[in-house]
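Participant: Okay, so here is structure22.cif, and as you'll see once you scroll down, it has mmCIF, C-alpha atoms (C1' of nucleotides).
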data_data
#
loop_
_atom_site.label_atom_id
_atom_site.label_comp_id
_atom_site.auth_asym_id
_atom_site.auth_seq_id
_atom_site.Cartn_x
_atom_site.Cartn_y
_atom_site.Cartn_z
CA MET T 1 34.32 51.76 -36.88
CA LYS T 2 36.70 50.22 -34.39
CA ALA T 3 38.73 47.03 -34.40
CA ILE T 4 39.95 44.59 -31.81
CA PHE T 5 42.77 42.25 -32.68
CA ILE T 6 42.89 38.99 -30.82
CA VAL T 7 46.27 37.40 -31.30
CA GLY T 8 48.53 34.79 -29.72
CA PRO T 9 49.51 31.17 -30.05
CA THR T 10 47.19 28.58 -31.46
CA ALA T 11 44.91 26.51 -29.19
CA THR T 12 44.53 29.20 -26.58
CA GLY T 13 40.86 29.91 -27.18
CA LYS T 14 41.10 33.00 -29.36
CA SER T 15 38.19 32.04 -31.60
CA HIS T 16 36.00 31.35 -28.65
CA LEU T 17 36.84 34.69 -27.12
CA ALA T 18 36.16 36.39 -30.43
CA LEU T 19 32.72 34.86 -30.52
CA THR T 20 31.98 35.99 -26.99
CA LEU T 21 33.10 39.54 -27.71
CA ALA T 22 31.29 39.76 -31.02
CA LYS T 23 28.04 38.70 -29.40
CA LYS T 24 28.46 40.89 -26.39
CA PHE T 25 29.35 44.02 -28.34
CA ASN T 26 27.37 43.24 -31.44
CA GLY T 27 30.32 43.19 -33.76
CA CYS T 28 31.58 40.78 -36.40
CA ILE T 29 34.55 38.49 -36.77
CA ILE T 30 37.31 38.67 -39.33
CA ASN T 31 39.79 35.90 -39.91
CA CYS T 32 43.48 36.57 -39.67
CA ASP T 33 44.72 33.01 -39.68
CA SER T 34 46.71 31.98 -42.72
CA ILE T 35 45.14 28.55 -43.00
CA GLN T 36 41.53 29.25 -42.17
CA PHE T 37 41.20 31.19 -45.42
CA TYR T 38 41.20 27.91 -47.24
CA ASN T 39 37.92 26.34 -48.00
CA LYS T 40 39.07 22.75 -47.92
CA LEU T 41 41.19 22.96 -44.81
CA LYS T 42 38.59 23.16 -42.13
CA ILE T 43 39.35 20.32 -39.79
CA GLY T 44 43.09 20.73 -39.52
CA SER T 45 42.95 24.50 -39.25
CA ALA T 46 40.38 24.41 -36.45
CA ALA T 47 38.19 26.77 -38.41
CA PRO T 48 34.92 27.80 -36.74
CA ASP T 49 32.08 25.44 -37.51
CA GLN T 50 28.77 26.34 -39.10
CA ALA T 51 26.98 26.66 -35.78
CA GLU T 52 29.48 29.24 -34.64
CA MET T 53 29.42 31.08 -37.94
CA ASN T 54 25.67 31.35 -37.70
CA GLN T 55 25.79 33.16 -34.40
CA VAL T 56 27.80 36.11 -35.63
CA PRO T 57 28.88 37.26 -39.10
CA HIS T 58 32.30 35.81 -39.97
CA TYR T 59 34.36 37.21 -42.83
CA LEU T 60 37.38 35.99 -44.80
CA TYR T 61 36.94 32.42 -43.73
CA SER T 62 37.04 29.41 -46.04
CA TYR T 63 36.89 31.35 -49.27
CA VAL T 64 40.03 30.28 -51.11
CA ASN T 65 40.01 27.06 -53.13
CA PRO T 66 42.89 24.96 -54.38
CA PRO T 67 45.06 25.35 -56.30
CA GLN T 68 44.79 29.04 -55.50
CA GLU T 69 47.25 30.12 -52.84
CA MET T 70 46.86 33.01 -50.50
CA THR T 71 49.41 35.73 -49.97
CA ALA T 72 49.66 38.45 -47.39
CA GLY T 73 49.22 41.03 -50.12
CA GLN T 74 46.10 39.41 -51.46
CA PHE T 75 44.72 39.10 -47.98
CA LEU T 76 45.31 42.78 -47.37
CA ARG T 77 43.46 43.65 -50.60
CA ASP T 78 40.59 41.35 -49.69
CA PHE T 79 40.36 42.97 -46.32
CA HIS T 80 40.27 46.48 -47.73
CA ASP T 81 37.74 45.45 -50.28
CA LEU T 82 35.63 44.17 -47.43
CA ILE T 83 35.83 47.26 -45.25
CA GLU T 84 35.26 49.62 -48.15
CA ASN T 85 32.42 47.84 -49.85
CA ASN T 86 30.53 45.85 -47.33
CA LYS T 87 27.88 48.05 -45.77
CA ASP T 88 26.76 45.32 -43.39
CA LEU T 89 30.00 45.27 -41.47
CA LYS T 90 29.33 45.92 -37.85
CA SER T 91 31.69 47.60 -35.45
CA PRO T 92 33.71 46.44 -33.66
CA LEU T 93 35.59 44.21 -36.08
CA ILE T 94 37.03 41.40 -34.07
CA ILE T 95 40.11 40.35 -36.00
CA VAL T 96 41.30 36.95 -34.79
CA GLY T 97 44.30 34.92 -35.76
CA GLY T 98 47.68 33.62 -34.81
CA THR T 99 49.47 34.61 -37.99
CA GLY T 100 51.65 37.51 -36.95
CA PHE T 101 52.70 38.41 -40.44
CA TYR T 102 49.10 38.83 -41.56
CA VAL T 103 48.18 40.74 -38.43
CA GLN T 104 51.04 43.07 -39.19
CA ALA T 105 49.87 43.45 -42.77
CA LEU T 106 46.39 44.53 -41.70
CA GLU T 107 47.64 46.84 -39.04
CA LYS T 108 50.57 48.52 -40.71
CA GLY T 109 50.00 47.84 -44.37
CA MET T 110 52.54 46.52 -46.83
CA PHE T 111 54.66 48.46 -49.24
CA ASN T 112 53.36 47.73 -52.63
CA VAL T 113 55.26 45.45 -54.95
CA PRO T 114 53.63 45.02 -58.35
CA GLU T 115 52.68 41.54 -59.44
CA ILE T 116 55.61 39.48 -60.66
CA ASN T 117 54.89 37.16 -63.53
CA ARG T 118 54.76 33.49 -62.91
CA GLU T 119 57.42 32.51 -65.41
CA LEU T 120 60.05 34.54 -63.62
CA LYS T 121 59.14 33.05 -60.25
CA ILE T 122 59.32 29.55 -61.62
CA GLN T 123 62.57 30.25 -63.39
CA ILE T 124 64.26 31.63 -60.28
CA GLU T 125 63.01 28.77 -58.18
CA ALA T 126 64.40 26.31 -60.70
CA GLU T 127 67.73 28.11 -60.87
CA ILE T 128 68.16 27.97 -57.12
CA LYS T 129 67.24 24.35 -57.11
CA GLU T 130 69.68 23.53 -59.85
CA TYR T 131 72.68 25.71 -59.01
CA GLY T 132 72.23 26.00 -55.27
CA ASN T 133 71.83 28.90 -52.90
CA GLU T 134 75.35 30.16 -53.29
CA LYS T 135 75.02 31.30 -56.85
CA ALA T 136 71.70 32.98 -56.17
CA PHE T 137 73.02 34.55 -53.01
CA LYS T 138 76.01 35.90 -54.90
CA GLU T 139 73.73 37.62 -57.37
CA LEU T 140 71.76 39.07 -54.50
CA ILE T 141 74.65 40.31 -52.41
CA GLU T 142 76.31 41.95 -55.40
CA PHE T 143 73.13 43.80 -56.14
CA ASP T 144 72.25 44.57 -52.53
CA PRO T 145 75.28 44.37 -50.23
CA GLU T 146 73.14 45.51 -47.32
CA THR T 147 70.81 42.54 -47.49
CA LYS T 148 70.15 40.80 -44.21
CA ILE T 149 68.90 37.64 -45.87
CA HIS T 150 70.86 34.57 -44.86
CA ILE T 151 72.52 32.48 -47.52
CA ASN T 152 70.52 29.42 -46.48
CA ASP T 153 67.18 31.14 -46.74
CA ALA T 154 66.43 30.08 -50.29
CA TYR T 155 62.88 31.32 -50.14
CA ARG T 156 63.81 34.89 -49.24
CA ILE T 157 66.73 34.93 -51.65
CA GLY T 158 64.36 33.86 -54.38
CA ARG T 159 61.86 36.55 -53.56
CA ALA T 160 64.54 39.24 -53.45
CA LEU T 161 65.82 38.12 -56.84
CA GLU T 162 62.34 38.28 -58.28
CA VAL T 163 62.05 41.88 -57.21
CA LYS T 164 65.52 42.61 -58.49
CA ARG T 165 65.05 41.10 -61.93
CA ALA T 166 61.52 42.34 -62.43
CA PHE T 167 61.94 45.93 -61.21
CA ASN T 168 65.62 46.41 -60.45
CA LEU T 169 64.71 47.23 -56.87
CA LYS T 170 66.21 46.15 -53.56
CA MET T 171 64.01 44.88 -50.79
CA SER T 172 65.86 47.13 -48.40
CA GLU T 173 65.18 50.10 -50.70
CA LEU T 174 61.50 49.38 -50.80
CA LYS T 175 61.42 49.15 -47.06
CA MET T 176 63.32 52.38 -46.66
CA GLN T 177 61.08 54.18 -49.15
CA ALA T 178 58.05 53.01 -47.28
CA LEU T 179 59.49 54.28 -44.02
CA LEU T 180 60.49 57.65 -45.40
CA ASN T 181 57.45 58.28 -47.52
CA GLU T 182 54.58 57.35 -45.29
CA ASP T 183 51.99 58.32 -47.88
CA THR T 184 52.76 55.55 -50.30
CA ASP T 185 51.65 52.84 -47.98
CA ASN T 186 49.56 54.79 -45.51
CA LYS T 187 46.44 53.96 -47.43
CA PHE T 188 46.83 50.34 -46.49
CA LYS T 189 47.12 50.92 -42.81
CA LEU T 190 44.18 50.03 -40.71
CA PRO T 191 42.05 53.17 -41.07
CA PHE T 192 40.37 53.18 -37.70
CA PRO T 193 41.17 52.91 -34.00
CA PHE T 194 42.08 49.51 -32.69
CA ILE T 195 43.49 47.61 -29.75
CA LYS T 196 45.47 44.40 -29.72
CA ILE T 197 44.73 41.75 -27.16
CA GLY T 198 47.14 38.87 -26.73
CA ILE T 199 45.94 35.58 -25.33
CA ASP T 200 48.32 32.98 -24.02
CA LEU T 201 48.23 30.09 -21.61
CA ASP T 202 50.60 28.38 -19.26
CA ARG T 203 52.69 26.05 -21.40
CA GLU T 204 51.57 22.92 -19.62
CA ILE T 205 47.91 23.75 -20.09
CA LEU T 206 48.49 24.70 -23.69
CA LYS T 207 50.19 21.35 -24.24
CA GLN T 208 47.08 19.61 -22.99
CA ASN T 209 44.82 21.76 -25.16
CA ILE T 210 46.92 20.90 -28.17
CA ALA T 211 46.79 17.19 -27.39
CA SER T 212 43.03 17.10 -27.12
CA ARG T 213 42.62 19.29 -30.16
CA THR T 214 44.77 16.97 -32.27
CA LYS T 215 42.83 13.98 -31.05
CA MET T 216 39.62 15.72 -32.02
CA MET T 217 40.91 16.62 -35.48
CA LEU T 218 41.86 13.04 -36.20
CA LYS T 219 38.54 11.84 -34.93
CA ASN T 220 36.74 14.38 -37.08
CA GLY T 221 38.37 13.16 -40.27
CA LEU T 222 41.59 15.06 -40.74
CA ILE T 223 43.08 12.15 -42.65
CA ASP T 224 40.16 12.05 -45.07
CA GLU T 225 40.33 15.79 -45.53
CA VAL T 226 43.91 15.44 -46.71
CA LYS T 227 43.30 12.29 -48.69
CA SER T 228 40.57 13.81 -50.78
CA LEU T 229 42.72 16.84 -51.58
CA ILE T 230 45.51 14.56 -52.68
CA ASP T 231 43.05 12.52 -54.75
CA GLU T 232 41.99 15.73 -56.45
CA GLY T 233 45.60 16.31 -57.39
CA HIS T 234 46.56 18.94 -54.86
CA ALA T 235 49.34 17.09 -53.07
CA ASP T 236 51.75 19.93 -53.71
CA TRP T 237 49.40 22.68 -52.69
CA ALA T 238 51.44 24.93 -50.40
CA PRO T 239 49.08 25.03 -47.43
CA LEU T 240 49.28 21.26 -47.21
CA SER T 241 52.73 21.68 -45.78
CA SER T 242 51.35 23.39 -42.71
CA VAL T 243 51.11 21.87 -39.26
CA GLY T 244 48.95 18.78 -39.13
CA TYR T 245 48.43 18.59 -42.87
CA PHE T 246 52.09 17.94 -43.49
CA GLU T 247 52.19 15.11 -40.99
CA VAL T 248 49.10 13.48 -42.43
CA LYS T 249 50.61 13.73 -45.88
CA GLU T 250 53.72 12.02 -44.56
CA PHE T 251 51.59 9.35 -42.99
CA LEU T 252 49.68 8.75 -46.21
CA ALA T 253 52.97 8.49 -48.05
CA GLY T 254 54.08 5.83 -45.59
CA ARG T 255 56.82 7.92 -44.01
CA ILE T 256 55.18 8.21 -40.58
CA ASP T 257 53.64 5.32 -38.69
CA LYS T 258 50.06 5.59 -37.65
CA VAL T 259 51.04 5.32 -33.99
CA ASP T 260 53.39 8.29 -34.31
CA LEU T 261 51.09 10.53 -36.29
CA GLU T 262 49.27 12.05 -33.36
CA ASP T 263 52.46 12.74 -31.41
CA GLN T 264 54.07 14.29 -34.45
CA ILE T 265 51.18 16.66 -34.94
CA ASN T 266 51.23 17.58 -31.27
CA LEU T 267 54.92 18.30 -31.45
CA SER T 268 54.68 20.45 -34.55
CA THR T 269 51.78 22.34 -33.07
CA ARG T 270 53.75 23.09 -29.93
CA GLN T 271 56.64 24.27 -32.04
CA LEU T 272 54.27 26.49 -33.93
CA THR T 273 53.05 28.11 -30.73
CA LYS T 274 56.65 28.77 -29.81
CA LYS T 275 57.21 30.67 -33.03
CA GLN T 276 53.97 32.54 -32.64
CA ARG T 277 55.07 33.70 -29.19
CA THR T 278 58.37 34.87 -30.60
CA TRP T 279 56.58 36.91 -33.21
CA PHE T 280 54.07 38.56 -30.93
CA LYS T 281 56.52 39.10 -28.10
CA ARG T 282 58.25 41.87 -29.97
CA ASP T 283 55.04 43.82 -30.46
CA LEU T 284 54.98 45.87 -27.29
CA GLU T 285 51.57 47.32 -28.05
CA ILE T 286 49.81 44.05 -27.41
CA SER T 287 47.95 43.89 -24.12
CA TRP T 288 48.45 40.39 -22.81
CA LEU T 289 45.41 39.35 -20.85
CA LYS T 290 44.74 36.11 -19.08
CA SER T 291 41.59 34.52 -20.39
CA ASN T 292 39.85 36.18 -17.52
CA GLN T 293 36.49 37.15 -18.92
CA THR T 294 35.79 40.19 -16.80
CA GLU T 295 39.20 41.68 -17.27
CA ILE T 296 38.92 41.38 -21.03
CA LEU T 297 35.34 42.61 -21.19
CA ASN T 298 36.23 45.68 -19.14
CA PHE T 299 39.25 46.38 -21.28
CA VAL T 300 37.24 46.15 -24.48
CA GLU T 301 34.36 48.12 -23.10
CA GLU T 302 36.63 50.95 -22.11
CA PHE T 303 38.12 51.05 -25.60
CA LEU T 304 34.75 51.06 -27.27
CA GLN T 305 33.54 53.92 -25.14
CA GLU T 306 36.41 56.20 -26.11
CA SER T 307 35.26 58.58 -28.76
"C1'" G P 1 75.00 -21.11 -16.12
"C1'" G P 2 77.38 -20.48 -21.43
"C1'" G P 3 77.84 -17.40 -26.17
"C1'" C P 4 77.36 -12.86 -28.65
"C1'" A P 5 76.14 -7.61 -28.94
"C1'" G P 6 75.96 -3.34 -26.15
"C1'" G P 7 75.96 0.70 -21.97
"C1'" U P 8 78.36 8.11 -24.66
"C1'" G P 9 75.81 14.77 -23.03
"C1'" C P 10 67.89 15.96 -22.14
"C1'" C P 11 67.02 11.79 -26.14
"C1'" C P 12 68.91 8.98 -30.48
"C1'" G P 13 73.66 8.23 -32.18
"C1'" A P 14 79.18 8.69 -34.22
"C1'" G P 15 83.75 8.16 -32.13
"C1'" U P 16 87.78 2.89 -30.69
"C1'" G P 17 94.97 6.19 -27.40
"C1'" G P 18 96.45 12.79 -28.06
"C1'" C P 19 93.58 17.38 -33.12
"C1'" U P 20 87.39 15.31 -27.98
"C1'" A P 21 83.51 19.12 -23.69
"C1'" A P 22 83.20 14.76 -27.49
"C1'" A P 23 80.59 14.49 -35.13
"C1'" G P 24 75.51 14.26 -36.73
"C1'" G P 25 70.33 14.26 -35.84
"C1'" G P 26 66.14 15.15 -32.56
"C1'" G P 27 64.26 17.93 -28.60
"C1'" A P 28 64.55 22.42 -25.79
"C1'" C P 29 65.63 27.58 -25.43
"C1'" A P 30 66.46 32.21 -27.93
"C1'" G P 31 65.91 34.94 -32.47
"C1'" A P 32 64.98 36.81 -37.83
"C1'" C P 33 61.03 37.47 -41.03
"C1'" U P 34 56.72 42.39 -46.75
"C1'" G P 35 53.07 38.27 -51.42
"C1'" U P 36 54.36 30.05 -49.25
"C1'" A P 37 54.38 32.96 -42.95
"C1'" A P 38 50.96 26.70 -39.56
"C1'" A P 39 56.06 28.51 -44.47
"C1'" U P 40 61.34 29.71 -44.67
"C1'" C P 41 65.79 30.67 -42.09
"C1'" U P 42 69.56 31.73 -37.87
"C1'" G P 43 72.03 31.14 -32.99
"C1'" U P 44 72.78 28.61 -28.25
"C1'" U P 45 72.50 23.97 -25.73
"C1'" G P 46 78.29 20.67 -18.87
"C1'" G P 47 79.96 24.27 -14.63
"C1'" C P 48 82.86 28.51 -13.34
"C1'" U P 49 85.65 32.37 -15.82
"C1'" U P 50 89.31 38.75 -15.23
"C1'" C P 51 87.38 34.90 -21.85
"C1'" G P 52 93.59 33.48 -21.42
"C1'" G P 53 91.68 29.50 -19.24
"C1'" U P 54 90.08 26.07 -15.71
"C1'" C P 55 87.18 22.13 -13.23
"C1'" U P 56 83.77 17.86 -13.82
"C1'" U P 57 81.94 14.42 -17.87
"C1'" C P 58 81.34 8.92 -22.12
"C1'" G P 59 77.64 2.32 -16.65
"C1'" A P 60 81.02 1.62 -11.69
"C1'" A P 61 85.65 0.81 -9.36
"C1'" G P 62 90.60 -0.05 -10.11
"C1'" G P 63 94.92 -0.43 -13.54
"C1'" U P 64 98.36 0.51 -18.03
"C1'" U P 65 100.19 5.17 -20.32
"C1'" C P 66 103.52 11.44 -20.59
"C1'" G P 67 98.16 11.22 -22.14
"C1'" A P 68 92.05 7.06 -22.11
"C1'" A P 69 85.21 7.71 -24.03
"C1'" U P 70 88.89 4.82 -26.64
"C1'" C P 71 93.68 -0.48 -23.98
"C1'" C P 72 93.53 -4.19 -19.48
"C1'" U P 73 90.96 -6.33 -14.91
"C1'" U P 74 86.81 -7.02 -11.91
"C1'" C P 75 81.87 -5.72 -11.00
"C1'" C P 76 76.78 -3.83 -12.28
"C1'" C P 77 73.00 -3.32 -16.03
"C1'" U P 78 70.39 -4.10 -21.10
"C1'" G P 79 69.23 -6.97 -25.63
"C1'" C P 80 69.54 -11.38 -28.52
"C1'" C P 81 71.01 -16.57 -28.77
"C1'" C P 82 72.24 -21.47 -26.38
"C1'" A P 83 71.37 -24.34 -21.82
#
Have the structure of the file written as structure tokens, please.

Facilitator:
Amino acid sequence: MKAIFIVGPTATGKSHLALTLAKKFNGCIINCDSIQFYNKLKIGSAAPDQAEMNQVPHYLYSYVNPPQEMTAGQFLRDFHDLIENNKDLKSPLIIVGGTGFYVQALEKGMFNVPEINRELKIQIEAEIKEYGNEKAFKELIEFDPETKIHINDAYRIGRALEVKRAFNLKMSELKMQALLNEDTDNKFKLPFPFIKIGIDLDREILKQNIASRTKMMLKNGLIDEVKSLIDEGHADWAPLSSVGYFEVKEFLAGRIDKVDLEDQINLSTRQLTKKQRTWFKRDLEISWLKSNQTEILNFVEEFLQES
RNA sequence: GGGCAGGUGCCCGAGUGGCUAAAGGGGACAGACUGUAAAUCUGUUGGCUUCGGUCUUCGAAGGUUCGAAUCCUUCCCUGCCCA
């Protein structure tokens, strides 16, 4: 078994490339996009359509339903379950997605943190909300003076406090343990050879792609997709605060004018691609290839021929 | 032609004599990131600098003042109202 990661900013044609490669090399496609997991978020996440899914086996797409929320850890478990138990999986696995954190999880594994009970999470969240970051941060910094978490980063402070209160462990300790004792998390690392291909476009072209993609999403019923989720009572579902969905929610709540909706989505999408670049830029093992078909095909072919 | 409001850095916008290279927001750029990650958070954002400074900047030109984005004069432009 071999794997090919296809990563990079959104709207660069990664999914299309994945399809081409999977057909050409008789492989299958695995999702590594944090929104395309969700069953009811197809339009706004630009998930592959049925026609595309029929051409090549696609895994880990559209399988999570509200109010269930995905986590990197759960995704990693789902992925391992898939590669260990699904005998139909065909090599190469083409792993596509723009979510750097999830790509990292599949590739390098995650140090294991046992499940933290819901009450504690809710309680900490409420405490931070009520007493502010400072109090929570104080608790954190006294426990873990080395922490690099910023006082304003309420989400990370909360998570670190969960781990502290539940297990009396520091995030930095866990990280260090994982680094020193490779065995503990080795089992989650991707257990076969792989390459990472990065796809990016000139910013001006990408801007145009984003614009036409947004237009298409709106035309295809993005607003209705959101509306029906809200009608079903999922307005607070976390993934609805992602790019596109958030703006539509704002529009439905009357906080964005219809005329501004499209521009807002375009803007947020561009800002997303910026962050995706920042993430992937630091991974020096990614081979950045222009969407030049032959170049990519040769590169992949060479990799697949290595024993 | 008359009245009123206004012209501020990439944009919006605060400032109405010194503490102002000028609040705040947006955008842009750069960055962090192990269970929300399309989330969350951080830094920078006039030029030069030996980092102590220094030069240019708030529609334009003049003027008052030790000192002006802030006061005065004229001019140009924008919006609304009256002719």

Participant: Which is closest to Gly158 in chain T among T:Asn112, T:Ser172, T:Ser241, T:Gln123, if we use all atoms listed in the file?

Facilitator: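 When distances to Gly158 in chain T are compared using all atoms listed in the file, the smallest one comes from T:Gln123.
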
Participant: Quote the spacing between CA of Arg159 in chain T and CA of Pro66 in chain T in Å to one decimal place.

Facilitator: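 These atoms are spaced 22.2 Å apart.
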
Participant: Please provide the set of residues having any atom within 9 Å of range 58-72 of chain P, restricted to all atoms listed in the file, with same-chain residues fewer than 3 positions apart removed, written as an MDAnalysis selection string.

Facilitator: chainID P and resid 7:9 15:18 20 22 75:77

Participant: List the residues matched by the PyMOL selection byres ((chain P and resi 4) around 12) in the displayed structure as a list of chain:residue names, ordered by chain and then by residue number.

Facilitator: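 This file gives the following for the PyMOL selection byres ((chain P and resi 4) around 12): P:G2, P:G3, P:A5, P:G6, P:G79, P:C80, P:C81, P:C82.
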
Participant: Using only C-alpha atoms (C1' of nucleotides) and a distance of at most 8 Å, pull out the residues of chain P that contact chain T, as a list in words.

Facilitator: G31, U34, G35, U36, A37, A38, A39, U40, C41 and U42 of chain P

Participant: What residues come out when you apply the PyMOL selection byres ((chain T and resi 26) around 9) to this file, written as a PyMOL selection string?

Facilitator: chain T and resi 21-25+27-28+56+90-92

Participant: Next, dump the selected residues to file, keeping only C-alpha atoms, as a PDB file, in the frame of the given file.

Facilitator:
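File result31.pdb, as written:
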ATOM      1  CA  LEU T  21      33.100  39.540 -27.710  1.00  0.00           C
ATOM      2  CA  ALA T  22      31.290  39.760 -31.020  1.00  0.00           C
ATOM      3  CA  LYS T  23      28.040  38.700 -29.400  1.00  0.00           C
ATOM      4  CA  LYS T  24      28.460  40.890 -26.390  1.00  0.00           C
ATOM      5  CA  PHE T  25      29.350  44.020 -28.340  1.00  0.00           C
ATOM      6  CA  GLY T  27      30.320  43.190 -33.760  1.00  0.00           C
ATOM      7  CA  CYS T  28      31.580  40.780 -36.400  1.00  0.00           C
ATOM      8  CA  VAL T  56      27.800  36.110 -35.630  1.00  0.00           C
ATOM      9  CA  LYS T  90      29.330  45.920 -37.850  1.00  0.00           C
ATOM     10  CA  SER T  91      31.690  47.600 -35.450  1.00  0.00           C
ATOM     11  CA  PRO T  92      33.710  46.440 -33.660  1.00  0.00           C
TER      12      PRO T  92
END

Participant: Enter the distance from C1' of C48 in chain P to C1' of G27 in chain P, in Å, rounded to one decimal.

Facilitator: 26.3 Å

Participant: Between C1' of A23 in chain P and CA of Arg255 in chain T, what distance in Å does the model show, to one decimal?

Facilitator: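 These atoms are spaced 26.2 Å apart.
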
Participant: With the PyMOL selection byres ((chain T and resi 210) around 8) as the selection, what would be picked from this file? Answer as JSON, numbers by chain, please.

Facilitator: {"T": [11, 206, 207, 208, 209, 211, 212, 213, 214, 266, 269, 270]}

Participant: Fewer than 2 positions away in the same chain doesn't count, so skip those; otherwise give me all residues within 9 Å of range 187-194 of chain T, counting only C-alpha atoms (C1' of nucleotides), as a count of residues only.

Facilitator: 21
